[in-house]
file data.tsv (TSV, N, CA and C atoms)
chain	number	residue	atom	x	y	z
A	156	ALA	N	-4.09	-11.74	15.34
A	156	ALA	CA	-2.78	-11.47	15.87
A	156	ALA	C	-2.00	-10.52	14.95
A	157	GLY	N	-2.13	-10.72	13.62
A	157	GLY	CA	-1.40	-9.88	12.67
A	157	GLY	C	-1.79	-8.42	12.76
A	158	VAL	N	-3.09	-8.16	12.93
A	158	VAL	CA	-3.56	-6.78	13.03
A	158	VAL	C	-2.98	-6.13	14.27
A	159	GLN	N	-2.96	-6.86	15.37
A	159	GLN	CA	-2.40	-6.30	16.60
A	159	GLN	C	-0.90	-6.05	16.46
A	160	HIS	N	-0.20	-6.92	15.77
A	160	HIS	CA	1.23	-6.70	15.56
A	160	HIS	C	1.46	-5.43	14.74
A	161	ALA	N	0.63	-5.21	13.73
A	161	ALA	CA	0.75	-4.00	12.92
A	161	ALA	C	0.47	-2.76	13.77
A	162	ARG	N	-0.55	-2.83	14.61
A	162	ARG	CA	-0.86	-1.70	15.49
A	162	ARG	C	0.28	-1.45	16.48
A	163	ASP	N	0.83	-2.54	17.02
A	163	ASP	CA	1.97	-2.40	17.94
A	163	ASP	C	3.16	-1.75	17.24
A	164	LEU	N	3.41	-2.16	16.01
A	164	LEU	CA	4.51	-1.59	15.24
A	164	LEU	C	4.31	-0.09	15.03
A	165	ILE	N	3.08	0.30	14.71
A	165	ILE	CA	2.78	1.73	14.54
A	165	ILE	C	3.00	2.48	15.85
A	166	ALA	N	2.56	1.88	16.96
A	166	ALA	CA	2.73	2.53	18.26
A	166	ALA	C	4.21	2.68	18.63
A	167	LEU	N	5.02	1.68	18.30
A	167	LEU	CA	6.44	1.72	18.63
A	167	LEU	C	7.22	2.68	17.73
A	168	ASP	N	6.92	2.62	16.42
A	168	ASP	CA	7.66	3.44	15.46
A	168	ASP	C	6.88	3.51	14.15
A	169	PRO	N	6.04	4.53	13.97
A	169	PRO	CA	5.22	4.61	12.76
A	169	PRO	C	6.04	4.62	11.47
A	170	GLY	N	7.26	5.12	11.52
A	170	GLY	CA	8.08	5.21	10.32
A	170	GLY	C	8.93	3.99	10.04
A	171	TYR	N	8.85	2.98	10.92
A	171	TYR	CA	9.68	1.80	10.73
A	171	TYR	C	9.45	1.18	9.36
A	172	ASP	N	10.53	0.90	8.67
A	172	ASP	CA	10.52	0.27	7.35
A	172	ASP	C	9.52	0.97	6.42
A	173	ASP	N	9.65	2.29	6.37
A	173	ASP	CA	8.83	3.10	5.46
A	173	ASP	C	7.33	2.96	5.70
A	174	GLY	N	6.92	2.94	6.97
A	174	GLY	CA	5.49	2.89	7.29
A	174	GLY	C	4.88	1.51	7.13
A	175	LEU	N	5.66	0.48	7.38
A	175	LEU	CA	5.20	-0.90	7.19
A	175	LEU	C	3.93	-1.21	7.98
A	176	GLY	N	3.85	-0.74	9.22
A	176	GLY	CA	2.66	-1.01	10.03
A	176	GLY	C	1.39	-0.50	9.37
A	177	ASP	N	1.42	0.72	8.88
A	177	ASP	CA	0.24	1.28	8.20
A	177	ASP	C	-0.05	0.53	6.91
A	178	PHE	N	0.99	0.16	6.17
A	178	PHE	CA	0.78	-0.59	4.94
A	178	PHE	C	0.10	-1.92	5.24
A	179	LEU	N	0.55	-2.62	6.27
A	179	LEU	CA	-0.05	-3.91	6.62
A	179	LEU	C	-1.51	-3.75	7.03
A	180	LEU	N	-1.80	-2.75	7.86
A	180	LEU	CA	-3.20	-2.52	8.26
A	180	LEU	C	-4.06	-2.17	7.06
A	181	ALA	N	-3.56	-1.31	6.19
A	181	ALA	CA	-4.31	-0.92	5.00
A	181	ALA	C	-4.63	-2.14	4.15
A	182	SER	N	-3.65	-3.00	3.95
A	182	SER	CA	-3.86	-4.19	3.12
A	182	SER	C	-4.87	-5.12	3.76
A	183	PHE	N	-4.82	-5.25	5.07
A	183	PHE	CA	-5.80	-6.06	5.78
A	183	PHE	C	-7.21	-5.52	5.57
A	184	TYR	N	-7.39	-4.23	5.82
A	184	TYR	CA	-8.73	-3.63	5.67
A	184	TYR	C	-9.22	-3.68	4.23
A	185	LEU	N	-8.32	-3.64	3.27
A	185	LEU	CA	-8.71	-3.67	1.87
A	185	LEU	C	-9.29	-5.03	1.48
A	186	VAL	N	-8.74	-6.11	2.00
A	186	VAL	CA	-9.16	-7.45	1.54
A	186	VAL	C	-10.01	-8.21	2.54
A	187	ALA	N	-10.13	-7.74	3.76
A	187	ALA	CA	-10.93	-8.46	4.75
A	187	ALA	C	-12.40	-8.43	4.35
A	188	PRO	N	-13.10	-9.54	4.55
A	188	PRO	CA	-14.52	-9.57	4.19
A	188	PRO	C	-15.37	-8.74	5.16
A	189	TRP	N	-16.56	-8.42	4.71
A	189	TRP	CA	-17.52	-7.73	5.57
A	189	TRP	C	-17.80	-8.61	6.77
A	190	PRO	N	-17.93	-8.07	7.93
A	190	PRO	CA	-18.03	-6.66	8.32
A	190	PRO	C	-16.70	-6.04	8.74
A	191	ILE	N	-15.62	-6.78	8.60
A	191	ILE	CA	-14.33	-6.28	9.07
A	191	ILE	C	-13.67	-5.37	8.04
A	192	GLY	N	-13.77	-5.73	6.76
A	192	GLY	CA	-13.17	-4.91	5.72
A	192	GLY	C	-13.69	-3.49	5.77
A	193	ASP	N	-12.83	-2.55	5.47
A	193	ASP	CA	-13.22	-1.14	5.58
A	193	ASP	C	-12.38	-0.32	4.60
A	194	SER	N	-13.00	0.05	3.50
A	194	SER	CA	-12.31	0.80	2.44
A	194	SER	C	-11.76	2.13	2.96
A	195	ASP	N	-12.50	2.81	3.80
A	195	ASP	CA	-12.03	4.10	4.33
A	195	ASP	C	-10.79	3.93	5.20
A	196	GLU	N	-10.78	2.88	6.03
A	196	GLU	CA	-9.61	2.62	6.88
A	196	GLU	C	-8.41	2.21	6.01
A	197	ALA	N	-8.68	1.42	4.98
A	197	ALA	CA	-7.60	1.04	4.07
A	197	ALA	C	-6.96	2.28	3.47
A	198	LEU	N	-7.78	3.17	2.94
A	198	LEU	CA	-7.24	4.40	2.34
A	198	LEU	C	-6.49	5.23	3.36
A	199	ARG	N	-7.03	5.37	4.54
A	199	ARG	CA	-6.38	6.17	5.58
A	199	ARG	C	-4.98	5.63	5.88
A	200	HIS	N	-4.86	4.34	6.01
A	200	HIS	CA	-3.55	3.76	6.34
A	200	HIS	C	-2.60	3.78	5.14
A	201	TYR	N	-3.10	3.53	3.92
A	201	TYR	CA	-2.22	3.65	2.75
A	201	TYR	C	-1.69	5.08	2.62
A	202	GLN	N	-2.58	6.05	2.81
A	202	GLN	CA	-2.15	7.44	2.68
A	202	GLN	C	-1.15	7.81	3.76
A	203	ARG	N	-1.36	7.32	4.97
A	203	ARG	CA	-0.43	7.63	6.05
A	203	ARG	C	0.94	7.01	5.77
A	204	ALA	N	0.95	5.78	5.29
A	204	ALA	CA	2.22	5.14	4.93
A	204	ALA	C	2.92	5.94	3.84
A	205	ALA	N	2.16	6.40	2.85
A	205	ALA	CA	2.74	7.17	1.74
A	205	ALA	C	3.22	8.54	2.22
A	206	GLU	N	2.57	9.11	3.21
A	206	GLU	CA	3.04	10.38	3.76
A	206	GLU	C	4.34	10.18	4.53
A	207	LEU	N	4.43	9.07	5.25
A	207	LEU	CA	5.65	8.77	6.02
A	207	LEU	C	6.83	8.47	5.10
A	208	ALA	N	6.54	7.81	3.97
A	208	ALA	CA	7.62	7.42	3.05
A	208	ALA	C	7.11	7.50	1.61
A	209	PRO	N	7.06	8.71	1.05
A	209	PRO	CA	6.52	8.88	-0.31
A	209	PRO	C	7.36	8.21	-1.38
A	210	GLU	N	8.62	7.92	-1.09
A	210	GLU	CA	9.49	7.27	-2.08
A	210	GLU	C	9.48	5.74	-1.97
A	211	SER	N	8.56	5.22	-1.17
A	211	SER	CA	8.45	3.78	-1.01
A	211	SER	C	7.63	3.18	-2.16
A	212	VAL	N	8.24	2.28	-2.90
A	212	VAL	CA	7.54	1.59	-3.99
A	212	VAL	C	6.35	0.82	-3.42
A	213	ARG	N	6.57	0.18	-2.28
A	213	ARG	CA	5.49	-0.60	-1.65
A	213	ARG	C	4.27	0.27	-1.34
A	214	ASN	N	4.50	1.45	-0.80
A	214	ASN	CA	3.38	2.33	-0.46
A	214	ASN	C	2.66	2.82	-1.70
A	215	GLN	N	3.39	3.14	-2.74
A	215	GLN	CA	2.76	3.56	-3.99
A	215	GLN	C	1.99	2.40	-4.63
A	216	TYR	N	2.54	1.21	-4.55
A	216	TYR	CA	1.87	0.04	-5.09
A	216	TYR	C	0.55	-0.20	-4.34
A	217	GLY	N	0.59	-0.09	-3.02
A	217	GLY	CA	-0.63	-0.26	-2.23
A	217	GLY	C	-1.70	0.74	-2.63
A	218	LEU	N	-1.30	1.99	-2.81
A	218	LEU	CA	-2.26	3.01	-3.25
A	218	LEU	C	-2.80	2.69	-4.64
A	219	GLY	N	-1.94	2.21	-5.52
A	219	GLY	CA	-2.39	1.84	-6.86
A	219	GLY	C	-3.43	0.74	-6.83
A	220	VAL	N	-3.18	-0.28	-6.03
A	220	VAL	CA	-4.14	-1.38	-5.90
A	220	VAL	C	-5.45	-0.86	-5.32
A	221	TYR	N	-5.34	-0.03	-4.29
A	221	TYR	CA	-6.56	0.55	-3.69
A	221	TYR	C	-7.37	1.31	-4.73
A	222	TRP	N	-6.72	2.23	-5.44
A	222	TRP	CA	-7.44	3.07	-6.40
A	222	TRP	C	-8.03	2.23	-7.53
A	223	ALA	N	-7.30	1.22	-7.97
A	223	ALA	CA	-7.82	0.35	-9.03
A	223	ALA	C	-9.07	-0.39	-8.56
A	224	ARG	N	-9.05	-0.89	-7.34
A	224	ARG	CA	-10.22	-1.59	-6.80
A	224	ARG	C	-11.42	-0.66	-6.62
A	225	GLU	N	-11.13	0.61	-6.38
A	225	GLU	CA	-12.21	1.60	-6.19
A	225	GLU	C	-12.70	2.19	-7.51
A	226	GLY	N	-12.11	1.77	-8.62
A	226	GLY	CA	-12.53	2.28	-9.93
A	226	GLY	C	-11.98	3.65	-10.26
A	227	GLU	N	-10.95	4.09	-9.55
A	227	GLU	CA	-10.33	5.40	-9.76
A	227	GLU	C	-9.11	5.22	-10.67
A	228	ALA	N	-9.37	5.04	-11.95
A	228	ALA	CA	-8.32	4.68	-12.91
A	228	ALA	C	-7.18	5.70	-12.96
A	229	GLU	N	-7.50	6.97	-12.99
A	229	GLU	CA	-6.45	8.00	-13.11
A	229	GLU	C	-5.51	7.97	-11.90
A	230	ARG	N	-6.09	7.86	-10.71
A	230	ARG	CA	-5.27	7.79	-9.49
A	230	ARG	C	-4.44	6.52	-9.47
A	231	ALA	N	-5.05	5.40	-9.85
A	231	ALA	CA	-4.33	4.13	-9.89
A	231	ALA	C	-3.18	4.22	-10.89
A	232	ARG	N	-3.44	4.79	-12.04
A	232	ARG	CA	-2.41	4.94	-13.07
A	232	ARG	C	-1.23	5.75	-12.53
A	233	GLY	N	-1.51	6.84	-11.85
A	233	GLY	CA	-0.44	7.67	-11.29
A	233	GLY	C	0.40	6.90	-10.28
A	234	SER	N	-0.25	6.14	-9.41
A	234	SER	CA	0.50	5.36	-8.42
A	234	SER	C	1.33	4.28	-9.08
A	235	PHE	N	0.75	3.57	-10.05
A	235	PHE	CA	1.49	2.50	-10.72
A	235	PHE	C	2.64	3.06	-11.55
A	236	GLN	N	2.47	4.23	-12.14
A	236	GLN	CA	3.58	4.84	-12.88
A	236	GLN	C	4.72	5.22	-11.94
A	237	ARG	N	4.38	5.68	-10.74
A	237	ARG	CA	5.42	5.97	-9.76
A	237	ARG	C	6.15	4.69	-9.35
A	238	VAL	N	5.40	3.59	-9.19
A	238	VAL	CA	6.02	2.30	-8.86
A	238	VAL	C	7.09	1.96	-9.90
A	239	LEU	N	6.77	2.16	-11.16
A	239	LEU	CA	7.70	1.80	-12.23
A	239	LEU	C	8.90	2.73	-12.32
A	240	SER	N	8.75	3.94	-11.84
A	240	SER	CA	9.84	4.92	-11.99
A	240	SER	C	10.77	4.99	-10.79
A	241	MET	N	10.41	4.35	-9.69
A	241	MET	CA	11.20	4.48	-8.45
A	241	MET	C	11.99	3.20	-8.17
A	242	PRO	N	13.14	3.34	-7.51
A	242	PRO	CA	13.88	2.14	-7.10
A	242	PRO	C	13.34	1.62	-5.76
A	243	CYS	N	13.46	0.33	-5.57
A	243	CYS	CA	13.12	-0.27	-4.28
A	243	CYS	C	14.32	-0.08	-3.36
A	244	LEU	N	14.11	0.58	-2.24
A	244	LEU	CA	15.23	0.95	-1.38
A	244	LEU	C	15.33	0.12	-0.11
A	245	SER	N	14.21	-0.14	0.55
A	245	SER	CA	14.30	-0.86	1.82
A	245	SER	C	14.52	-2.35	1.57
A	246	SER	N	15.09	-3.01	2.56
A	246	SER	CA	15.38	-4.43	2.39
A	246	SER	C	14.11	-5.25	2.21
A	247	SER	N	13.03	-4.88	2.88
A	247	SER	CA	11.79	-5.65	2.71
A	247	SER	C	11.16	-5.40	1.33
A	248	GLU	N	11.29	-4.19	0.81
A	248	GLU	CA	10.78	-3.91	-0.53
A	248	GLU	C	11.52	-4.70	-1.59
A	249	LYS	N	12.82	-4.81	-1.39
A	249	LYS	CA	13.64	-5.51	-2.38
A	249	LYS	C	13.23	-6.97	-2.52
A	250	LEU	N	12.62	-7.54	-1.48
A	250	LEU	CA	12.21	-8.94	-1.52
A	250	LEU	C	11.13	-9.19	-2.56
A	251	PHE	N	10.26	-8.21	-2.78
A	251	PHE	CA	9.19	-8.41	-3.77
A	251	PHE	C	9.08	-7.24	-4.74
A	252	CYS	N	10.18	-6.58	-4.98
A	252	CYS	CA	10.23	-5.45	-5.90
A	252	CYS	C	9.81	-5.86	-7.31
A	253	ASP	N	10.38	-6.95	-7.80
A	253	ASP	CA	10.06	-7.40	-9.16
A	253	ASP	C	8.57	-7.68	-9.30
A	254	PHE	N	7.98	-8.29	-8.28
A	254	PHE	CA	6.54	-8.58	-8.32
A	254	PHE	C	5.73	-7.30	-8.42
A	255	MET	N	6.02	-6.32	-7.56
A	255	MET	CA	5.24	-5.08	-7.57
A	255	MET	C	5.37	-4.37	-8.92
A	256	LYS	N	6.57	-4.32	-9.44
A	256	LYS	CA	6.78	-3.65	-10.72
A	256	LYS	C	6.10	-4.41	-11.86
A	257	SER	N	6.17	-5.72	-11.83
A	257	SER	CA	5.51	-6.53	-12.86
A	257	SER	C	4.00	-6.35	-12.82
A	258	GLU	N	3.43	-6.37	-11.62
A	258	GLU	CA	1.98	-6.21	-11.47
A	258	GLU	C	1.53	-4.80	-11.86
A	259	ALA	N	2.32	-3.80	-11.51
A	259	ALA	CA	1.98	-2.43	-11.91
A	259	ALA	C	2.00	-2.30	-13.43
A	260	ARG	N	3.02	-2.87	-14.06
A	260	ARG	CA	3.14	-2.84	-15.51
A	260	ARG	C	1.95	-3.56	-16.16
A	261	ARG	N	1.55	-4.69	-15.58
A	261	ARG	CA	0.43	-5.48	-16.10
A	261	ARG	C	-0.90	-4.73	-15.94
A	262	ALA	N	-1.06	-3.96	-14.87
A	262	ALA	CA	-2.32	-3.27	-14.60
A	262	ALA	C	-2.52	-2.03	-15.47
A	263	LEU	N	-1.44	-1.36	-15.82
A	263	LEU	CA	-1.56	-0.08	-16.52
A	263	LEU	C	-2.39	-0.10	-17.80
A	264	PRO	N	-2.21	-1.05	-18.71
A	264	PRO	CA	-3.01	-1.01	-19.95
A	264	PRO	C	-4.52	-1.11	-19.71
A	265	GLY	N	-4.93	-1.74	-18.62
A	265	GLY	CA	-6.36	-1.90	-18.36
A	265	GLY	C	-6.99	-0.72	-17.65
A	266	LEU	N	-6.20	0.29	-17.31
A	266	LEU	CA	-6.74	1.43	-16.57
A	266	LEU	C	-7.15	2.55	-17.50
call {"tool": "encode", "arguments": {"input": "data.tsv", "output": "structure tokens"}}
result
Amino acid sequence: AGVQHARDLIALDPGYDDGLGDFLLASFYLVAPWPIGDSDEALRHYQRAAELAPESVRNQYGLGVYWAREGEAERARGSFQRVLSMPCLSSSEKLFCDFMKSEARRALPGL
């Protein structure tokens, strides 16, 4: 049901809440087990969310997590550094802004 809600949200308004629909789909594809999980789909949706709202901390955090999981340390580092340098602007981002910034800060030394 959650995947369909994300797809419906994208169909209704891809830019809603800084690309939330694409972020949700990307996160689903990133963590779903085989055969549903799909790294390429995760990247496609994270990138689309980031294109829709490049100043979104949430979208940069998602890209950082993706790149870290893929072993792309330099790309992950860049995304996490952006997370730390940007303010959380949307109301949904503000709900877990401290978490994203804390996790980005924690991940950087290991990259």
call {"tool": "closest_residue", "arguments": {"input": "data.tsv", "among": "A:Pro190, A:Val158, A:Tyr184, A:Glu210", "to": "Glu248 in chain A", "atoms": "only C-alpha atoms"}}
result
A:Glu210
call {"tool": "closest_residue", "arguments": {"input": "data.tsv", "among": "A:Tyr216, A:Phe254, A:Tyr201, A:Trp222", "to": "Val238 in chain A", "atoms": "all atoms listed in the file"}}
result
A:Tyr216
call {"tool": "closest_residue", "arguments": {"input": "data.tsv", "among": "A:Leu207, A:Leu185, A:Leu175, A:Ala231", "to": "Ala262 in chain A", "atoms": "only N, CA and C atoms"}}
result
A:Ala231
call {"tool": "residues_around", "arguments": {"input": "data.tsv", "residues": "Leu218 in chain A", "least_positions_apart": "4", "cutoff": "7 Å", "atoms": "all atoms listed in the file", "output": "short mmCIF file (atom, residue, chain, number, x, y, z; two decimals) with N, CA and C atoms, in the coordinates of the input"}}
result
data_model
loop_
_atom_site.label_atom_id
_atom_site.label_comp_id
_atom_site.auth_asym_id
_atom_site.auth_seq_id
_atom_site.Cartn_x
_atom_site.Cartn_y
_atom_site.Cartn_z
N TYR A 201 -3.10 3.53 3.92
CA TYR A 201 -2.22 3.65 2.75
C TYR A 201 -1.69 5.08 2.62
N GLN A 202 -2.58 6.05 2.81
CA GLN A 202 -2.15 7.44 2.68
C GLN A 202 -1.15 7.81 3.76
N ARG A 213 6.57 0.18 -2.28
CA ARG A 213 5.49 -0.60 -1.65
C ARG A 213 4.27 0.27 -1.34
N ASN A 214 4.50 1.45 -0.80
CA ASN A 214 3.38 2.33 -0.46
C ASN A 214 2.66 2.82 -1.70
N TRP A 222 -6.72 2.23 -5.44
CA TRP A 222 -7.44 3.07 -6.40
C TRP A 222 -8.03 2.23 -7.53
N ALA A 223 -7.30 1.22 -7.97
CA ALA A 223 -7.82 0.35 -9.03
C ALA A 223 -9.07 -0.39 -8.56
N ARG A 230 -6.09 7.86 -10.71
CA ARG A 230 -5.27 7.79 -9.49
C ARG A 230 -4.44 6.52 -9.47
N ALA A 231 -5.05 5.40 -9.85
CA ALA A 231 -4.33 4.13 -9.89
C ALA A 231 -3.18 4.22 -10.89
N SER A 234 -0.25 6.14 -9.41
CA SER A 234 0.50 5.36 -8.42
C SER A 234 1.33 4.28 -9.08
N PHE A 235 0.75 3.57 -10.05
CA PHE A 235 1.49 2.50 -10.72
C PHE A 235 2.64 3.06 -11.55
#
call {"tool": "axis_aligned_box", "arguments": {"input": "data.tsv", "around": "range 161-177 of chain A", "padding_each_side": "6 Å", "output": "lines of an AutoDock Vina configuration file"}}
result
center_x = 4.8
center_y = 0.0
center_z = 12.0
size_x = 23.4
size_y = 22.4
size_z = 25.2
call {"tool": "atom_distance", "arguments": {"input": "data.tsv", "atom1": "CA of Pro188 in chain A", "atom2": "atom C of Phe251 in chain A"}}
result
25.3 Å
call {"tool": "atom_distance", "arguments": {"input": "data.tsv", "atom1": "atom N of Leu250 in chain A", "atom2": "atom N of Glu227 in chain A"}}
result
27.5 Å
call {"tool": "residues_around", "arguments": {"input": "data.tsv", "residues": "range 166-174 of chain A", "least_positions_apart": "5", "cutoff": "8 Å", "atoms": "only N, CA and C atoms", "output": "count of residues only"}}
result
18
call {"tool": "residues_around", "arguments": {"input": "data.tsv", "residues": "Leu239 in chain A", "least_positions_apart": "2", "cutoff": "7 Å", "atoms": "only N, CA and C atoms", "output": "list in words"}}
result
Ser234, Phe235, Gln236, Arg237, Met241, Pro242, Lys256, Ala259 and Arg260 of chain A
call {"tool": "atom_distance", "arguments": {"input": "data.tsv", "atom1": "atom N of Ala181 in chain A", "atom2": "atom N of Glu229 in chain A"}}
result
21.3 Å
call {"tool": "select_by_dssp", "arguments": {"input": "data.tsv", "residues": "range 188-224 of chain A", "states": "alpha helix (DSSP H)", "output": "list in words"}}
result
Ser194, Asp195, Glu196, Ala197, Leu198, Arg199, His200, Tyr201, Gln202, Arg203, Ala204, Ala205, Glu206, Leu207, Val212, Arg213, Asn214, Gln215, Tyr216, Gly217, Leu218, Gly219, Val220, Tyr221, Trp222, Ala223 and Arg224 of chain A
call {"tool": "closest_residue", "arguments": {"input": "data.tsv", "among": "A:Arg224, A:Leu266, A:Leu198, A:Val212", "to": "Asp253 in chain A", "atoms": "only C-alpha atoms"}}
result
A:Val212
call {"tool": "closest_residue", "arguments": {"input": "data.tsv", "among": "A:Ser240, A:His200, A:Met255, A:Asp193", "to": "Gly176 in chain A", "atoms": "only N, CA and C atoms"}}
result
A:His200
call {"tool": "decode", "arguments": {"input": "data.tsv", "residues": "range 175-244 of chain A", "atoms": "C-alpha atoms", "output": "JSON list (two decimals), in the first residue's frame"}}
result
[["chain", "number", "residue", "atom", "x", "y", "z"],
["A", 175, "LEU", "CA", 8.56, 13.28, -1.07],
["A", 176, "GLY", "CA", 7.00, 10.63, -3.32],
["A", 177, "ASP", "CA", 10.29, 9.93, -5.09],
["A", 178, "PHE", "CA", 12.18, 9.95, -1.80],
["A", 179, "LEU", "CA", 9.79, 7.37, -0.33],
["A", 180, "LEU", "CA", 10.03, 5.11, -3.39],
["A", 181, "ALA", "CA", 13.81, 5.40, -3.43],
["A", 182, "SER", "CA", 14.03, 4.45, 0.24],
["A", 183, "PHE", "CA", 11.74, 1.48, -0.32],
["A", 184, "TYR", "CA", 13.80, 0.18, -3.24],
["A", 185, "LEU", "CA", 17.02, 0.71, -1.31],
["A", 186, "VAL", "CA", 16.04, -1.47, 1.66],
["A", 187, "ALA", "CA", 13.54, -3.95, 0.21],
["A", 188, "PRO", "CA", 14.88, -7.51, 0.05],
["A", 189, "TRP", "CA", 15.47, -9.38, -3.18],
["A", 190, "PRO", "CA", 13.70, -9.69, -5.58],
["A", 191, "ILE", "CA", 11.89, -6.42, -4.90],
["A", 192, "GLY", "CA", 14.85, -4.28, -3.88],
["A", 193, "ASP", "CA", 16.41, -2.46, -6.79],
["A", 194, "SER", "CA", 19.50, -0.28, -6.42],
["A", 195, "ASP", "CA", 19.03, 1.31, -9.86],
["A", 196, "GLU", "CA", 15.43, 2.30, -9.08],
["A", 197, "ALA", "CA", 16.52, 3.66, -5.71],
["A", 198, "LEU", "CA", 19.14, 5.86, -7.35],
["A", 199, "ARG", "CA", 16.73, 7.01, -10.05],
["A", 200, "HIS", "CA", 14.17, 8.15, -7.50],
["A", 201, "TYR", "CA", 16.72, 9.75, -5.13],
["A", 202, "GLN", "CA", 18.18, 11.68, -8.05],
["A", 203, "ARG", "CA", 14.77, 12.78, -9.26],
["A", 204, "ALA", "CA", 13.83, 13.99, -5.77],
["A", 205, "ALA", "CA", 17.14, 15.89, -5.59],
["A", 206, "GLU", "CA", 16.52, 17.43, -9.01],
["A", 207, "LEU", "CA", 13.05, 18.56, -7.92],
["A", 208, "ALA", "CA", 14.38, 20.02, -4.66],
["A", 209, "PRO", "CA", 18.19, 20.27, -4.54],
["A", 210, "GLU", "CA", 18.05, 22.28, -1.30],
["A", 211, "SER", "CA", 16.18, 19.53, 0.53],
["A", 212, "VAL", "CA", 18.22, 18.10, 3.41],
["A", 213, "ARG", "CA", 16.13, 14.93, 3.22],
["A", 214, "ASN", "CA", 16.97, 14.38, -0.45],
["A", 215, "GLN", "CA", 20.68, 14.95, 0.11],
["A", 216, "TYR", "CA", 20.60, 12.62, 3.11],
["A", 217, "GLY", "CA", 18.94, 9.91, 1.00],
["A", 218, "LEU", "CA", 21.62, 10.26, -1.65],
["A", 219, "GLY", "CA", 24.32, 10.09, 1.02],
["A", 220, "VAL", "CA", 22.90, 6.87, 2.43],
["A", 221, "TYR", "CA", 22.60, 5.42, -1.07],
["A", 222, "TRP", "CA", 26.18, 6.28, -2.02],
["A", 223, "ALA", "CA", 27.54, 4.99, 1.29],
["A", 224, "ARG", "CA", 25.76, 1.66, 0.82],
["A", 225, "GLU", "CA", 27.14, 1.43, -2.71],
["A", 226, "GLY", "CA", 30.71, 2.02, -1.49],
["A", 227, "GLU", "CA", 30.96, 5.42, -3.23],
["A", 228, "ALA", "CA", 32.67, 7.24, -0.36],
["A", 229, "GLU", "CA", 33.42, 10.51, -2.19],
["A", 230, "ARG", "CA", 29.84, 10.90, -3.40],
["A", 231, "ALA", "CA", 28.46, 9.97, 0.02],
["A", 232, "ARG", "CA", 30.80, 12.48, 1.67],
["A", 233, "GLY", "CA", 29.60, 15.25, -0.64],
["A", 234, "SER", "CA", 25.94, 14.52, 0.08],
["A", 235, "PHE", "CA", 26.48, 14.30, 3.84],
["A", 236, "GLN", "CA", 28.46, 17.55, 3.84],
["A", 237, "ARG", "CA", 25.56, 19.25, 2.07],
["A", 238, "VAL", "CA", 23.21, 17.83, 4.72],
["A", 239, "LEU", "CA", 25.29, 19.51, 7.41],
["A", 240, "SER", "CA", 25.50, 22.85, 5.62],
["A", 241, "MET", "CA", 21.83, 23.30, 4.70],
["A", 242, "PRO", "CA", 18.83, 24.27, 6.84],
["A", 243, "CYS", "CA", 15.78, 22.03, 7.05],
["A", 244, "LEU", "CA", 13.02, 24.03, 5.42]]
